[in-house]
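Have a look at the structure below, then the notes.
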Amino acid sequence: MKRVFALALSFAAAPLIGVGCGSDGAGNGTLPPIATTSSTTTTLATTTTLPEFYVVQPGDTLSKIVTKLGVSKDDLLALNGITNPDHIERGQKLKIPRPGVSIPSTLPASTTVPAETTAPA
């Protein structure tokens, strides 16, 4: 029974195989042009929102903090009034400089207004 089925299948498939392998005589030895498409790649800019403050953790150094936050060490020092970059303390709350905002390199000196004196009349 299996042989009869296989034989019937081969007779049914023979015309299809012959059509695919035949030559229609119209071929001139070249293939039609390949259609191409172009694509563009869009790169999305990602933004990172910096927190307003950073609390110094055990083992933190200013170098580790500026690397982690991607900010300038000089800006971090100036903004927080740090005079000794080797001395920060655990739990210290540091203001984080914002990109594009200029920070004065020194803190403005406090000004004291002298009390007015009145001249005797």
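Following the order of the structure tokens, first chain is A, next is B, and so on, with residues numbered from 1 inside each chain and ligands from 1 in the order they appear.
Within 9 Å of range 51-59 of chain A there are A:Thr49, A:Thr61, A:Ile65, A:Ile88, A:Glu89, A:Arg90, A:Gly91, A:Gln92, A:Lys93, A:Leu94, A:Lys95, A:Ile96, A:Pro97, A:Arg98, counting only C-alpha atoms and ignoring same-chain residues fewer than 2 positions away.
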Worksheet item: CA of His87 in chain A and CA of Lys73 in chain A, how far apart in Å?
Response: 13.6 Å
Item to complete: Would you please work out which residue, of A:Asp60, A:Leu50, A:Arg3, A:Pro99, is nearest to Asp75 in chain A when using only C-alpha atoms?
Response: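 Of A:Asp60, A:Leu50, A:Arg3, A:Pro99, the one nearest Asp75 in chain A, counting only C-alpha atoms, is A:Pro99.
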Item to complete: To one decimal in Å, tell me the separation between CA of Lys68 in chain A and CA of Thr42 in chain A.
Response: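 CA of Thr42 in chain A lies 27.7 Å from CA of Lys68 in chain A.
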Worksheet item: CA of Asp86 in chain A and CA of Gly70 in chain A are how many Å apart?
Response: 18.8 Å
